[in-house]
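Down below is the structure, laid out as structure tokens.
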Number of protein chains: 2
Amino acid sequence: MTSHVAPSIDVPALTGLLDGRYTEIRQMVRKNMVEYADILVDAEQMTRPEFRQRVLDVMIEMAATGQTGMGFPEEYGGGGDVGASMAAFETLGYGDLSVLTKVGVQFGLFGGAILQLGTKPHHDAYLADLVTGRLLGCFAMTETGHGSNVQALGTTATYDPDAGEFVISTPDDASRKDYIGNAADHGRMAVVFAQLLIGGESQGVHAFVTPIRAEDGSPMPGVRIEDCGAKIGLNGVDNGRIWFDGVRVPRTTLLNRYADVDEKGEYSSPIENKDRRFFTMLGTLIQGRVCVGGAAINASKVAITIAVKYALHRRQFGAPGSDEESLLLDYGMHQRRLFPLLARTYAMHFAQERLAAGLHDAFSTVDVDASEHERRALESRAAGTKALGTWHASTTIQACREACGGAGYMSVNRFDALRADTDVFTTFEGDNTILLQLVAKGLLTDYRDEFSDLDPLGMVRFVASTAVETVFEKTNVRQMVERLRDAVPGSDNDGDPDAGLLDPEYHLSMLRWREQHMLTGVARRLKNGLDRGRDPVEVFSECQDHVIASAWAHVERLVLETFVDKIEGMDDDGNREAMNLVCDLFALSAIEQGRAWFMEHGRLSTQRSKAVTAMVNELCTRVRPIADDLVDAFDVPPEMLRAEIIAPTG
Amino acid sequence: MTSHVAPSIDVPALTGLLDGRYTEIRQMVRKNMVEYADILVDAEQMTRPEFRQRVLDVMIEMAATGQTGMGFPEEYGGGGDVGASMAAFETLGYGDLSVLTKVGVQFGLFGGAILQLGTKPHHDAYLADLVTGRLLGCFAMTETGHGSNVQALGTTATYDPDAGEFVISTPDDASRKDYIGNAADHGRMAVVFAQLLIGGESQGVHAFVTPIRAEDGSPMPGVRIEDCGAKIGLNGVDNGRIWFDGVRVPRTTLLNRYADVDEKGEYSSPIENKDRRFFTMLGTLIQGRVCVGGAAINASKVAITIAVKYALHRRQFGAPGSDEESLLLDYGMHQRRLFPLLARTYAMHFAQERLAAGLHDAFSTVDVDASEHERRALESRAAGTKALGTWHASTTIQACREACGGAGYMSVNRFDALRADTDVFTTFEGDNTILLQLVAKGLLTDYRDEFSDLDPLGMVRFVASTAVETVFEKTNVRQMVERLRDAVPGSDNDGDPDAGLLDPEYHLSMLRWREQHMLTGVARRLKNGLDRGRDPVEVFSECQDHVIASAWAHVERLVLETFVDKIEGMDDDGNREAMNLVCDLFALSAIEQGRAWFMEHGRLSTQRSKAVTAMVNELCTRVRPIADDLVDAFDVPPEMLRAEIIAPTG
């Protein structure tokens, strides 16, 4: 093993790189959250009702600083900057996550729906009050029996032309609105998603601004609300269930940017296809999904900071002949448990930054419909980054908790809240498994499908009719294999199994090859299955793990590309050296994780596979001297770390 | 794909197989826990102090039924049956886990220490009161700065020959007793582990029965107690910290089965070597570790039961041309997520049963020291089963939670408590990583080391001096490879990659080969490193992942062997057929998980590796029709499932 000089890191500059374009707003949010740092203690000590109230109060205070309204137009008191809004939200991931989620419900989901699906009268009526938190609201989409498949919602809104009103009803308990944030206590209004029925005909799911509580807090007539009660985490958010029993609302409550109903009950929309219309509407709401991914990645930073700092002072077992025990972070296994996760946290951060920038651009241009292909690619990137980012958070927080032993189990050391609060991120704002199916669908159809439907069977049918050719055209596996093999330095053809292991081009070629190979393979399997006349449900079920693995491979490739790009733009200094090391560790540990597949498909010799593992170990020892700087650069305010265990006792 | 007729399962008979020798006591515990089923609601609704009291009350009530005292001698009101005691404890894993842990602290740790380390006067003084719960106590071993390395404890017990007393002191905050169950509120006594100092000389760690609270509940003079406060889970257990400031206790408080101090301060022990003495003492306490593993496995059963039943009525997305959506459990990916975990739950159950039987025999024979080699092998099996069982629980509960989507996040559906309460199991009663090191050490030294030390560096030194030869002698890799290759039907030598994939001999040969190969390899690496004069700390750190992987491979082999043995003893009926299927799925998914290693080491061709994955998918479809029966056979009382989500709404 050669010895390597550790890169010299300029921590504030590295923080600057991470904070990027939105340094100022991120610093403002950090500063603001320190003001109410004691909410971390309240989360643990208050009763549920008290804590819900406390979270509400903090949210309203924060609204007054402007940090939560960055995404709304300036004429309604907002900041008019979508990117800043996402940066601000993400940074809340360092603090209490009930606050973050409450902010997301109020400003992102409720506010976002009115902003994106409504028109000027709705904006004039609600936005100014909503931005200050005077008007609290819900986003009432999910139902007990209908989660991922939102087109199948059961709630109905029937137009009554005589009264000029919609009548909103919950036909059965499977169609009650469920897990709705702000519903149990605080929400006055709800954007209710329901099947629009006119003259007995369904026009599909639409959104209606519906009052659910009177000024005194009691439910409106015909509205029944139940508290969801205790949850694994996020207990500062008042989730509830809502039933509607013939609730009448004026015709103008329909959020009518994409479709309208006139007084006589004539339905009109600029988008002909019903499904496409619905998914266009949904597409405007992806900011919520993007924000959850960003929050998860920032929560990972808190966990990894605590675990690294703990391992930098906790000693265990002695070196021979020494009275002093060894630092936890000097154990190979401990480095193995933490450093690949630290590296992936950096990688996911930059992937998220890139996604948010894309979203900012898309939502800041006037003509949103400019390029539908691009918009769908962006939606796919949002779905994939959210899935990988939230799973990464769950894995990282758990590993960090275990790496802190019994101390990690004490609530004061933060892992309790981190683990409980982030857990639902993997299944809300789109279940990760379903989201990866969406990603795969986009890839298999080159985003040419009618709409970004989440239904996996739609994908099978589409692929069966057109996609294999498309995929083959785009990729031509055989040619690609040759091209990549030729281009790759240190491919398995030459003798030295270590050659080129730290070359980013090698890493990229591996992840690209895997993606293309998996996608082509799955397209062929789907098509072959249907060609033989088999039941599409069965064919899909058989290939589902393959579909999801393909999507994962795609997203991981995007993440690596973004990281490599980011480094290319850096000055040639210690920070760049450090980022190179971190990127190598991320890339090689991703390849290591997938090495069985690479071997199975002849892309990695068994000897080189072992070399990859050995190099991951080696890179961990190289990261060891800079680990403290790497977590310091996340700049998590010390008040948010809270953890007693990182201030040594005794 | 060939179609297979699903085995016909006799559910009560399968439950009988699982419950085994202790059917009666297990049914009694099930029945008792239903009596206080509402504690699952209390866990969620009560304040921490209320819930702690409730858990205490339930424990005392249970003590009156006799189920918690099965392991104590009959003359003190116990049941005199170690095996029954473990079966009863494990079954508590179906219910609230604060109750289980409180029982474990009081009867297993506190009671077990007095029983195993004390002598007749201690038994006469404490056991009868302890068995009824009239005397509540703590097991005060862990310190803030000393967890896994218990030999380095800082608390001191200095003998004062003039007074005939020990003086117990906490020298610094790193040496305060920490995370001690029963300490914050209820414990009157504590078995305190401290360095015994006589005339300025340390005799190593010994245990002392020390009063910590007066009758009125206030701390004894010189004792300071602090509440650990909120924890991730197990909040019905009152964990605390204890400091001792020159607390004087009579000479007879020393638990003197293995060592004694006479009035003049003369120290004596039947075990010469200080380290060996200590680890002999520790060895008598392994029942706690065994019980945690069993509890974790039973908690997994609750989670998998809920997830399977949920997926058997929840529908999502439609089959083409059908109005009805498909059942979650009919999706390939859903089967993939749940069924290998279900299979492993069965495998771990039987492994645990085997371990508990071994422990019962060891603790029921008069001469405990009969075979030291066997005793150490048993300790190693206990360590390994605990590590794999508790990690399995964490993985399973999390996967099941995600498989239930948002509904899984609601506390009412059980995953909240399951996930929070079991989380610490991976790091208490021995940190899993450290435990696997202990397993590896035993294997590398053939249990010939002086004592079952947890210190990894001791292992390096030992291996360096003797072990490679030992390991080589025992295994002789080359010969073994040949022998196995010859013996295995359908090895990679013949053409059909599916041949023999479902032959248990093939599965066993794979896992045995991996174990031997890994162990020999790690022994060679350790020895080579030291032969070159390198720092043992560094050498160990480099090989640590390899050491741990070897131990894992060993334990997984034991688990599979036990499952295969179990099936061999079954009648030739539908249940046996079902168990064969489950065992195949367990074995092949274990091989699949390790397939990268098998390919790297030439034990699996790339083609056969793909065949393994395809077969795992295929086996999942075969398990699908019997999944409901398989979870029903666990016989988790419906009251303990609680989950609203498995009773369909609407």
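We label chains A, B, ... in the order they appear in the structure tokens, count residues from 1 in each chain, and number ligands from 1 in the order shown.
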Write out as CSV a residue-level contact list of chain A versus chain B with cut-off 7 Å: for each qualifying residue the closest pair of atoms and the distance in Å to one decimal, counting only C-alpha atoms, rows sorted by chain and residue number upward.
```
residue,atom,partner,partner_atom,distance
A:Glu44,CA,B:Ala230,CA,6.7
A:Asn149,CA,B:Phe317,CA,6.0
A:Asp172,CA,B:Gly650,CA,5.2
A:Asp173,CA,B:Gly650,CA,4.1
A:Ala174,CA,B:Gly650,CA,4.5
A:Ala230,CA,B:Ser411,CA,5.3
A:Lys231,CA,B:Met410,CA,4.4
A:Ile232,CA,B:Asp416,CA,4.7
A:Gln316,CA,B:Asn149,CA,6.6
A:Phe317,CA,B:Asn149,CA,6.0
A:Ala319,CA,B:Val537,CA,6.2
A:Tyr331,CA,B:Ser541,CA,5.0
A:Gly332,CA,B:Ser541,CA,4.3
A:Met333,CA,B:Asp545,CA,5.5
A:Glu402,CA,B:Thr427,CA,6.7
A:Gly405,CA,B:Thr427,CA,5.5
A:Gly406,CA,B:Thr427,CA,6.4
A:Tyr409,CA,B:Ile232,CA,5.5
A:Met410,CA,B:Lys231,CA,4.4
A:Ser411,CA,B:Lys231,CA,4.6
A:Asp416,CA,B:Ile232,CA,4.7
A:Val424,CA,B:Tyr409,CA,6.5
A:Thr427,CA,B:Gly405,CA,5.5
A:Phe428,CA,B:Gly406,CA,6.7
A:Asp455,CA,B:Phe317,CA,6.0
A:Val537,CA,B:Ala319,CA,6.1
A:Ser541,CA,B:Gly332,CA,4.3
A:Glu542,CA,B:Gly332,CA,5.5
A:Gln544,CA,B:Met333,CA,5.6
A:Asp545,CA,B:Met333,CA,5.5
A:Arg595,CA,B:Ala596,CA,6.3
A:Ala596,CA,B:Ala596,CA,4.3
A:Met599,CA,B:Thr606,CA,6.6
A:Glu600,CA,B:Thr606,CA,4.4
A:Thr606,CA,B:Glu600,CA,4.4
A:Gln607,CA,B:Glu600,CA,6.8
A:Ser609,CA,B:Glu600,CA,6.9
A:Lys610,CA,B:Glu600,CA,6.9
A:Thr649,CA,B:Asp173,CA,5.8
A:Gly650,CA,B:Asp173,CA,4.1
```
Near-B:Leu359 list (8 Å; only C-alpha atoms; drop same-chain fewer than 2 positions) as a compact mmCIF listing (two decimals) with all heavy atoms, in the first residue's frame:
```txt
# COMPACT_ATOMS: atom_id res chain seq x y z
N VAL B 82 -34.71 -24.17 32.80
CA VAL B 82 -34.05 -23.10 32.04
C VAL B 82 -34.67 -22.95 30.65
O VAL B 82 -34.93 -21.84 30.17
CB VAL B 82 -32.54 -23.38 31.93
CG1 VAL B 82 -31.86 -22.33 31.08
CG2 VAL B 82 -31.91 -23.44 33.32
N GLY B 83 -34.91 -24.08 30.01
CA GLY B 83 -35.46 -24.04 28.65
C GLY B 83 -36.84 -23.40 28.62
O GLY B 83 -37.14 -22.59 27.75
N GLN B 287 -27.40 -16.20 29.04
CA GLN B 287 -28.81 -16.41 28.79
C GLN B 287 -29.50 -15.12 28.30
O GLN B 287 -30.39 -15.16 27.47
CB GLN B 287 -29.47 -16.88 30.07
CG GLN B 287 -30.46 -17.99 29.84
CD GLN B 287 -30.95 -18.53 31.18
OE1 GLN B 287 -30.16 -19.11 31.95
NE2 GLN B 287 -32.20 -18.33 31.47
N LEU B 355 -30.22 -23.53 19.71
CA LEU B 355 -29.34 -22.86 20.67
C LEU B 355 -29.89 -22.94 22.08
O LEU B 355 -29.18 -23.28 23.04
CB LEU B 355 -29.18 -21.38 20.26
CG LEU B 355 -28.57 -20.44 21.29
CD1 LEU B 355 -27.11 -20.83 21.56
CD2 LEU B 355 -28.64 -19.00 20.81
N ALA B 356 -31.20 -22.65 22.21
CA ALA B 356 -31.82 -22.66 23.54
C ALA B 356 -31.76 -24.06 24.14
O ALA B 356 -31.54 -24.22 25.35
CB ALA B 356 -33.27 -22.17 23.45
N ALA B 357 -31.93 -25.08 23.29
CA ALA B 357 -31.85 -26.45 23.80
C ALA B 357 -30.45 -26.74 24.33
O ALA B 357 -30.28 -27.35 25.39
CB ALA B 357 -32.22 -27.44 22.69
N ASP B 361 -29.46 -27.64 28.26
CA ASP B 361 -28.67 -28.80 28.68
C ASP B 361 -27.45 -28.36 29.48
O ASP B 361 -27.15 -28.92 30.53
CB ASP B 361 -28.24 -29.62 27.46
CG ASP B 361 -29.44 -30.28 26.79
OD1 ASP B 361 -30.51 -30.34 27.43
OD2 ASP B 361 -29.32 -30.71 25.62
N ALA B 362 -26.76 -27.35 29.00
CA ALA B 362 -25.54 -26.91 29.67
C ALA B 362 -25.84 -26.42 31.08
O ALA B 362 -25.09 -26.69 32.02
CB ALA B 362 -24.86 -25.82 28.86
N PHE B 363 -26.94 -25.71 31.23
CA PHE B 363 -27.25 -25.14 32.54
C PHE B 363 -28.03 -26.10 33.43
O PHE B 363 -28.28 -25.80 34.59
CB PHE B 363 -27.98 -23.80 32.39
CG PHE B 363 -27.04 -22.67 32.10
CD1 PHE B 363 -26.53 -22.47 30.83
CD2 PHE B 363 -26.64 -21.81 33.11
CE1 PHE B 363 -25.65 -21.44 30.56
CE2 PHE B 363 -25.75 -20.78 32.86
CZ PHE B 363 -25.25 -20.59 31.57
N LEU B 378 -20.73 -23.14 22.56
CA LEU B 378 -22.10 -22.70 22.83
C LEU B 378 -22.16 -21.18 22.97
O LEU B 378 -23.07 -20.53 22.44
CB LEU B 378 -22.60 -23.38 24.11
CG LEU B 378 -24.04 -23.15 24.48
CD1 LEU B 378 -24.98 -23.78 23.45
CD2 LEU B 378 -24.36 -23.72 25.87
```
If you measure from atom CA of A:Phe563 to atom CA of A:Gln67, what distance in Å do you get, rounded to one decimal?
-> 28.1 Å
All residues 12 Å or closer to B:Leu56, only C-alpha atoms, same chain fewer than 6 positions away omitted, as a ChimeraX atom specification | /B:39,49-50,62-63,98-103,105-106,133-134,136,181-182,185-187,235-238
Can you pull out every residue within 12 Å of B:Asp571, counting only C-alpha atoms, but drop anything in the same chain fewer than 4 positions away, and send it as a list in words?
->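 Counting only the stated atoms, we get Ala13, Leu14, Leu17, Lys566, Ile567, Asn575, Arg576, Glu577, Ala578, Met579 and Asn580 of chain B.
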Mind dumping the selected residues with C-alpha atoms as a compact mmCIF listing (two decimals), in the first residue's frame?
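Contents of result-v3.txt, as written:
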```
# COMPACT_ATOMS: atom_id res chain seq x y z
CA ALA B 13 -49.51 -28.90 13.38
CA LEU B 14 -47.03 -26.41 12.00
CA LEU B 17 -43.63 -27.86 15.28
CA LYS B 566 -35.20 -30.15 11.52
CA ILE B 567 -36.87 -31.10 8.27
CA ASN B 575 -45.94 -29.45 6.26
CA ARG B 576 -42.67 -31.08 5.39
CA GLU B 577 -43.15 -30.10 1.78
CA ALA B 578 -43.81 -26.54 2.86
CA MET B 579 -40.76 -26.47 5.10
CA ASN B 580 -38.65 -27.82 2.25
```
Straight-line distance linking atom CA of A:Gly240 with atom CA of A:Leu435, stated in Å to one decimal =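 These two atoms are separated by 24.6 Å.
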If we count only C-alpha atoms, what is near B:Gly69 at a cut-off of 9 Å, once residues fewer than 2 positions away on the same chain are taken out, given as a VMD selection string?
-> chain B and resid 63 65 to 67 71 to 73 77 to 80 85 107 131 to 132
Given the selection you just returned, output its residues as a file containing all heavy atoms, formatted as a short mmCIF file (atom, residue, chain, number, x, y, z; two decimals), in the first residue's frame.
```cif
data_model
loop_
_atom_site.label_atom_id
_atom_site.label_comp_id
_atom_site.auth_asym_id
_atom_site.auth_seq_id
_atom_site.Cartn_x
_atom_site.Cartn_y
_atom_site.Cartn_z
N ALA B 63 -45.47 -12.04 36.97
CA ALA B 63 -44.65 -12.83 37.89
C ALA B 63 -45.53 -13.77 38.70
O ALA B 63 -45.16 -14.91 38.98
CB ALA B 63 -43.85 -11.91 38.81
N THR B 65 -48.09 -15.31 37.76
CA THR B 65 -48.51 -16.49 36.99
C THR B 65 -47.41 -17.54 36.93
O THR B 65 -47.63 -18.64 36.45
CB THR B 65 -48.87 -16.14 35.53
OG1 THR B 65 -47.66 -15.81 34.83
CG2 THR B 65 -49.83 -14.98 35.46
N GLY B 66 -46.20 -17.18 37.34
CA GLY B 66 -45.09 -18.12 37.30
C GLY B 66 -44.30 -18.08 36.01
O GLY B 66 -43.21 -18.67 35.92
N GLN B 67 -44.78 -17.40 34.98
CA GLN B 67 -44.12 -17.49 33.68
C GLN B 67 -42.76 -16.81 33.64
O GLN B 67 -41.92 -17.17 32.81
CB GLN B 67 -45.03 -16.91 32.58
CG GLN B 67 -45.17 -15.40 32.63
CD GLN B 67 -45.90 -14.85 31.41
OE1 GLN B 67 -47.08 -15.09 31.20
NE2 GLN B 67 -45.19 -14.09 30.59
N GLY B 71 -36.92 -20.02 35.30
CA GLY B 71 -35.50 -20.37 35.33
C GLY B 71 -34.90 -20.47 36.73
O GLY B 71 -33.74 -20.83 36.87
N PHE B 72 -35.69 -20.12 37.76
CA PHE B 72 -35.13 -20.15 39.12
C PHE B 72 -35.45 -21.47 39.80
O PHE B 72 -36.44 -22.13 39.46
CB PHE B 72 -35.69 -18.97 39.94
CG PHE B 72 -35.22 -17.65 39.40
CD1 PHE B 72 -36.02 -16.91 38.53
CD2 PHE B 72 -33.97 -17.14 39.76
CE1 PHE B 72 -35.57 -15.70 38.01
CE2 PHE B 72 -33.53 -15.94 39.25
CZ PHE B 72 -34.33 -15.22 38.38
N PRO B 73 -34.63 -21.83 40.80
CA PRO B 73 -34.88 -23.10 41.49
C PRO B 73 -36.25 -23.10 42.16
O PRO B 73 -36.73 -22.06 42.63
CB PRO B 73 -33.77 -23.14 42.55
CG PRO B 73 -32.70 -22.23 42.05
CD PRO B 73 -33.41 -21.17 41.28
N GLY B 77 -39.41 -20.54 44.63
CA GLY B 77 -40.64 -20.15 43.93
C GLY B 77 -40.52 -20.18 42.42
O GLY B 77 -41.43 -19.75 41.71
N GLY B 78 -39.40 -20.67 41.92
CA GLY B 78 -39.21 -20.72 40.48
C GLY B 78 -39.70 -22.03 39.88
O GLY B 78 -40.27 -22.87 40.58
N GLY B 79 -39.48 -22.19 38.57
CA GLY B 79 -39.96 -23.37 37.87
C GLY B 79 -38.89 -24.42 37.65
O GLY B 79 -39.19 -25.52 37.21
N GLY B 80 -37.64 -24.04 37.89
CA GLY B 80 -36.56 -25.01 37.76
C GLY B 80 -36.36 -25.55 36.36
O GLY B 80 -35.93 -26.68 36.17
N SER B 85 -37.93 -21.28 30.68
CA SER B 85 -37.76 -19.86 30.96
C SER B 85 -37.44 -19.09 29.68
O SER B 85 -37.98 -18.00 29.43
CB SER B 85 -36.64 -19.71 31.99
OG SER B 85 -35.84 -18.60 31.74
N PHE B 107 -35.54 -10.33 35.88
CA PHE B 107 -35.37 -11.76 36.15
C PHE B 107 -34.14 -12.34 35.45
O PHE B 107 -33.46 -13.20 36.01
CB PHE B 107 -36.64 -12.53 35.73
CG PHE B 107 -37.87 -12.00 36.40
CD1 PHE B 107 -38.75 -11.17 35.73
CD2 PHE B 107 -38.12 -12.31 37.73
CE1 PHE B 107 -39.88 -10.67 36.36
CE2 PHE B 107 -39.25 -11.81 38.38
CZ PHE B 107 -40.13 -10.98 37.68
N VAL B 131 -38.10 -13.19 42.64
CA VAL B 131 -38.95 -13.95 41.73
C VAL B 131 -40.38 -13.40 41.71
O VAL B 131 -41.05 -13.41 40.68
CB VAL B 131 -38.92 -15.46 42.11
CG1 VAL B 131 -40.03 -16.23 41.42
CG2 VAL B 131 -37.56 -16.05 41.76
N THR B 132 -40.84 -12.90 42.82
CA THR B 132 -42.20 -12.33 42.86
C THR B 132 -42.21 -10.88 42.41
O THR B 132 -43.28 -10.30 42.19
CB THR B 132 -42.75 -12.33 44.29
OG1 THR B 132 -41.85 -11.55 45.11
CG2 THR B 132 -42.85 -13.73 44.85
#
```
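The gap separating atom CA of A:Cys138 from atom CA of A:Phe279 is 20.4 Å, in Å to one decimal.
Using only C-alpha atoms, the shortest contact distance between B:Tyr267 and any of B:Gly358, B:Pro121, B:Gly199, B:Gly112 is found at B:Gly199.
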Pick out the residues sitting within 12 Å of B:Met28, and hand them over as a ChimeraX atom specification; count only C-alpha atoms, and ignore anything fewer than 4 positions along from it in its own chain.
-> /B:19,22-24,32-35,62,65-68,84,87-89,91-92,637
